[in-house]
Amino acid sequence: MCNSSSFLLDTLETSGYHYLPKQREVLVKRTLQKATTLENTFKLIDHSRKINSPLLKAYWTTYYCGGAMLQEGEKFSFRRCKKKWCRTCSHIRTAELINGYKHLLEDFKEPKLVVLTMKNCPGRELKAYYQKMVDAFKLATRNITKTHGLKLNGIRTWECTYNKETDEYHPHFNVVVDTQEGAELLRSYWMNYWQSRVGAKHISINAQSIQDIQGTDGLLEVFKYTTKLAVKHEEETKAQDWIYQCTKGRRIAQSFGTLRKVKIKEKSIQVDEVKGEQGNEIWIFENDVKHYVNAHGETLVSDDEKAVYLREKQRTKELKNQPNERNNVHPQRRIERRTPSTNRSPGSSGIQTNKREGATSKHGSKPFS
Ligand SMILES: [Zn+2]
């Protein structure tokens with residue numbers, strides 16, 4: 001039997017010190033992730049039934065993901081769905097990517113976060129746009145190596161937001177790349193590709209951002225952010241389903257350069273080790289109480305533990321958002337604020353880094369195909 005939650009509750013009540021032991025965090029997270037995923041999956045299933053979405057069966061797989069958790073002493077295991085819309089699996093995948101790439105990421109000289117965007121598109125064109133984006137990216141990295149002898153290392157993830165007002169989609173890449181030079185070349189080649197195809201007026205340099213990443217911690221933080229879900233659960237269900245349909249069978253996170261050589265294999269069974277736990281139990285997720293519950297009606301974690309975890313998470317978020325920490329990378333907030341507003345000609349000013357301005361203009365005026 002798992003009795004740490006009641007132990008913790010006692011500690012909380014008597015000491016008044018609201019603290020969640022690190023080792024318990026994973027159980028709290030699994031509980032919260034399961035609840036969020038389930039809530040979103042219900043919406044996707046309802047929508048899919050109405051429109052006969054080809055993903056209906058796949059959404060049901062997510063419904064069962066982590067539905068039952070087997071505890072054998074300190075080991076907690078469950079079967080996972082590995083789907084891109086599953087919050088639990090997305091978090092597990094990010095952790096696996098970080099573990100796999102950590103030693104290589106630490107060698108990045110001047111890590112940068114590059115956001116590569118293009119003009120918004122209607123839903124019917126999203127699938128084609130996805131493929132064009134992948135092609136443009138591959139072509140850019142290939143040409144940078146060929147023309148400049150520079151091999152880029154990093155990871156890119158594809159993300160898409162939806163504008164309810166205009167019924168348009170905004171697909172973009174978040175790229176972690178190892179050098180400033182690589183980041184700027186990537187932006188130039190990316191812009192050239194689109195300018196030569198859709199016209200310069202549709203591609204604004206302001207929409208393509210390059211941000212510093214401070215230190216290894218910052219890098220891992222950004223890395224976490226860039227490997228998250230392709231579309232946020234807050235987006236409209238219709239848009240979510242359409243985005244997933246358009247990227248069916250496609251990998252959302254793709255590494256390049258040296259990172260590509262690391263093979264990350266996603267396991268079907270997730271095992272979490274939680275030091276200090278004991279007992280053999282089967283924990284079933286009960287959605288009406290949003291808890292994993294055993295045969296005796298006990299919950300795996302307590303509401304207090306959930307509350308402490310969420311409060312701590314919120315506090316960390318607020319600390320990061322403090323305006324005096326200008327160099328502290330907080331990509332999500334900055335990116336969301338950044339929308340393509342002005343249309344500039346190719347190679348025009350707007351690049352923040354003076355050192356490389358000339359280089360960018362030069363590459364910027366060289367169309368490639
Ligand atoms: Zn899953």
# chains A, B, ... in the order shown; residues from 1 in each chain; ligands from 1
call {"tool": "closest_atom_pairs", "arguments": {"of": "chain A", "to": "ligand 1", "cutoff": "9 Å", "atoms": "only C-alpha atoms and all ligand atoms", "output": "tab-separated table"}}
result
residue	atom	partner	partner_atom_place_in_ligand_line	distance
A:Lys34	CA	ligand 1	1 (Zn)	8.5
A:Thr37	CA	ligand 1	1 (Zn)	8.1
A:Thr61	CA	ligand 1	1 (Zn)	7.9
A:Thr62	CA	ligand 1	1 (Zn)	5.2
A:Tyr63	CA	ligand 1	1 (Zn)	8.1
A:Tyr64	CA	ligand 1	1 (Zn)	8.0
A:Cys65	CA	ligand 1	1 (Zn)	4.7
A:Gly66	CA	ligand 1	1 (Zn)	6.8
A:Arg79	CA	ligand 1	1 (Zn)	8.1
A:Arg80	CA	ligand 1	1 (Zn)	4.6
A:Cys81	CA	ligand 1	1 (Zn)	3.9
A:Lys82	CA	ligand 1	1 (Zn)	4.9
A:Lys83	CA	ligand 1	1 (Zn)	5.7
A:Lys84	CA	ligand 1	1 (Zn)	8.0
A:Trp85	CA	ligand 1	1 (Zn)	7.9
A:Cys86	CA	ligand 1	1 (Zn)	4.6
A:Arg87	CA	ligand 1	1 (Zn)	6.7
A:Thr88	CA	ligand 1	1 (Zn)	5.3
A:Cys89	CA	ligand 1	1 (Zn)	4.3
A:Ser90	CA	ligand 1	1 (Zn)	7.4
A:Ile92	CA	ligand 1	1 (Zn)	8.9
call {"tool": "residues_around", "arguments": {"residues": "Ala95 in chain A", "least_positions_apart": "6", "cutoff": "10 Å", "atoms": "only C-alpha atoms", "output": "PyMOL selection string"}}
result
chain A and resi 89+101+223-224+227
call {"tool": "atom_distance", "arguments": {"atom1": "CA of Val222 in chain A", "atom2": "CA of Val176 in chain A"}}
result
7.8 Å
call {"tool": "atom_distance", "arguments": {"atom1": "CA of Asp303 in chain A", "atom2": "CA of Lys290 in chain A"}}
result
9.8 Å
call {"tool": "residues_around", "arguments": {"residues": "range 259-264 of chain A", "least_positions_apart": "3", "cutoff": "7 Å", "atoms": "only C-alpha atoms", "output": "list of chain:residue names"}}
result
A:Leu97, A:Gly100, A:Tyr101, A:Leu104, A:Asn153, A:Gly154, A:Ser255, A:Phe256
call {"tool": "write_last_selection", "arguments": {"atoms": "C-alpha atoms", "output": "short mmCIF file (atom, residue, chain, number, x, y, z; two decimals), in the first residue's frame"}}
result
data_model
loop_
_atom_site.label_atom_id
_atom_site.label_comp_id
_atom_site.auth_asym_id
_atom_site.auth_seq_id
_atom_site.Cartn_x
_atom_site.Cartn_y
_atom_site.Cartn_z
CA LEU A 97 15.17 13.49 -25.73
CA GLY A 100 19.67 11.32 -25.03
CA TYR A 101 21.00 14.68 -26.22
CA LEU A 104 25.80 16.87 -26.98
CA ASN A 153 23.57 20.95 -35.19
CA GLY A 154 20.33 21.09 -33.31
CA SER A 255 17.16 16.50 -34.89
CA PHE A 256 19.89 17.41 -37.34
#
call {"tool": "closest_residue", "arguments": {"among": "A:Ile203, A:Leu70, A:Leu150, A:Leu139", "to": "Thr117 in chain A", "atoms": "only C-alpha atoms"}}
result
A:Ile203
call {"tool": "closest_residue", "arguments": {"among": "A:Leu38, A:Val114, A:Leu27, A:Met133", "to": "Arg197 in chain A", "atoms": "only C-alpha atoms"}}
result
A:Met133
call {"tool": "atom_distance", "arguments": {"atom1": "CA of Phe173 in chain A", "atom2": "CA of Lys238 in chain A"}}
result
21.6 Å
call {"tool": "select_by_dssp", "arguments": {"residues": "range 109-257 of chain A", "states": "strand (DSSP E)", "output": "ChimeraX atom specification"}}
result
/A:112-117,121-122,154-163,168-177,209-212,253-256
call {"tool": "write_last_selection", "arguments": {"atoms": "C-alpha atoms", "output": "compact mmCIF listing (two decimals), in the first residue's frame"}}
result
# COMPACT_ATOMS: atom_id res chain seq x y z
CA LYS A 112 20.17 30.05 -30.13
CA LEU A 113 16.45 29.63 -30.44
CA VAL A 114 15.29 30.45 -33.94
CA VAL A 115 11.63 30.75 -34.81
CA LEU A 116 10.94 30.30 -38.50
CA THR A 117 7.53 31.32 -39.68
CA CYS A 121 -2.63 29.47 -44.44
CA PRO A 122 -6.18 28.15 -44.78
CA GLY A 154 20.33 21.09 -33.31
CA ILE A 155 16.71 20.13 -33.20
CA ARG A 156 13.62 21.58 -34.82
CA THR A 157 10.04 21.11 -33.86
CA TRP A 158 6.97 21.98 -35.82
CA GLU A 159 4.21 23.85 -34.06
CA CYS A 160 0.93 25.25 -35.28
CA THR A 161 -1.49 27.74 -33.84
CA TYR A 162 -4.97 28.56 -35.05
CA ASN A 163 -6.72 31.87 -35.48
CA GLU A 168 -6.35 30.40 -40.54
CA TYR A 169 -3.44 28.29 -39.37
CA HIS A 170 -0.03 29.56 -38.39
CA PRO A 171 2.57 26.81 -38.71
CA HIS A 172 6.16 27.49 -37.62
CA PHE A 173 9.39 25.82 -36.65
CA ASN A 174 11.11 26.29 -33.28
CA VAL A 175 14.76 25.51 -33.82
CA VAL A 176 17.55 25.12 -31.29
CA VAL A 177 20.79 25.60 -33.17
CA SER A 209 13.28 35.65 -34.38
CA ILE A 210 16.68 34.68 -33.07
CA GLN A 211 17.03 34.57 -29.29
CA ASP A 212 19.96 33.90 -27.00
CA ALA A 253 10.59 16.89 -33.45
CA GLN A 254 13.49 16.30 -35.80
CA SER A 255 17.16 16.50 -34.89
CA PHE A 256 19.89 17.41 -37.34
call {"tool": "closest_residue", "arguments": {"among": "A:Leu152, A:Phe42, A:Ala207, A:Glu312", "to": "Leu186 in chain A", "atoms": "only C-alpha atoms"}}
result
A:Leu152
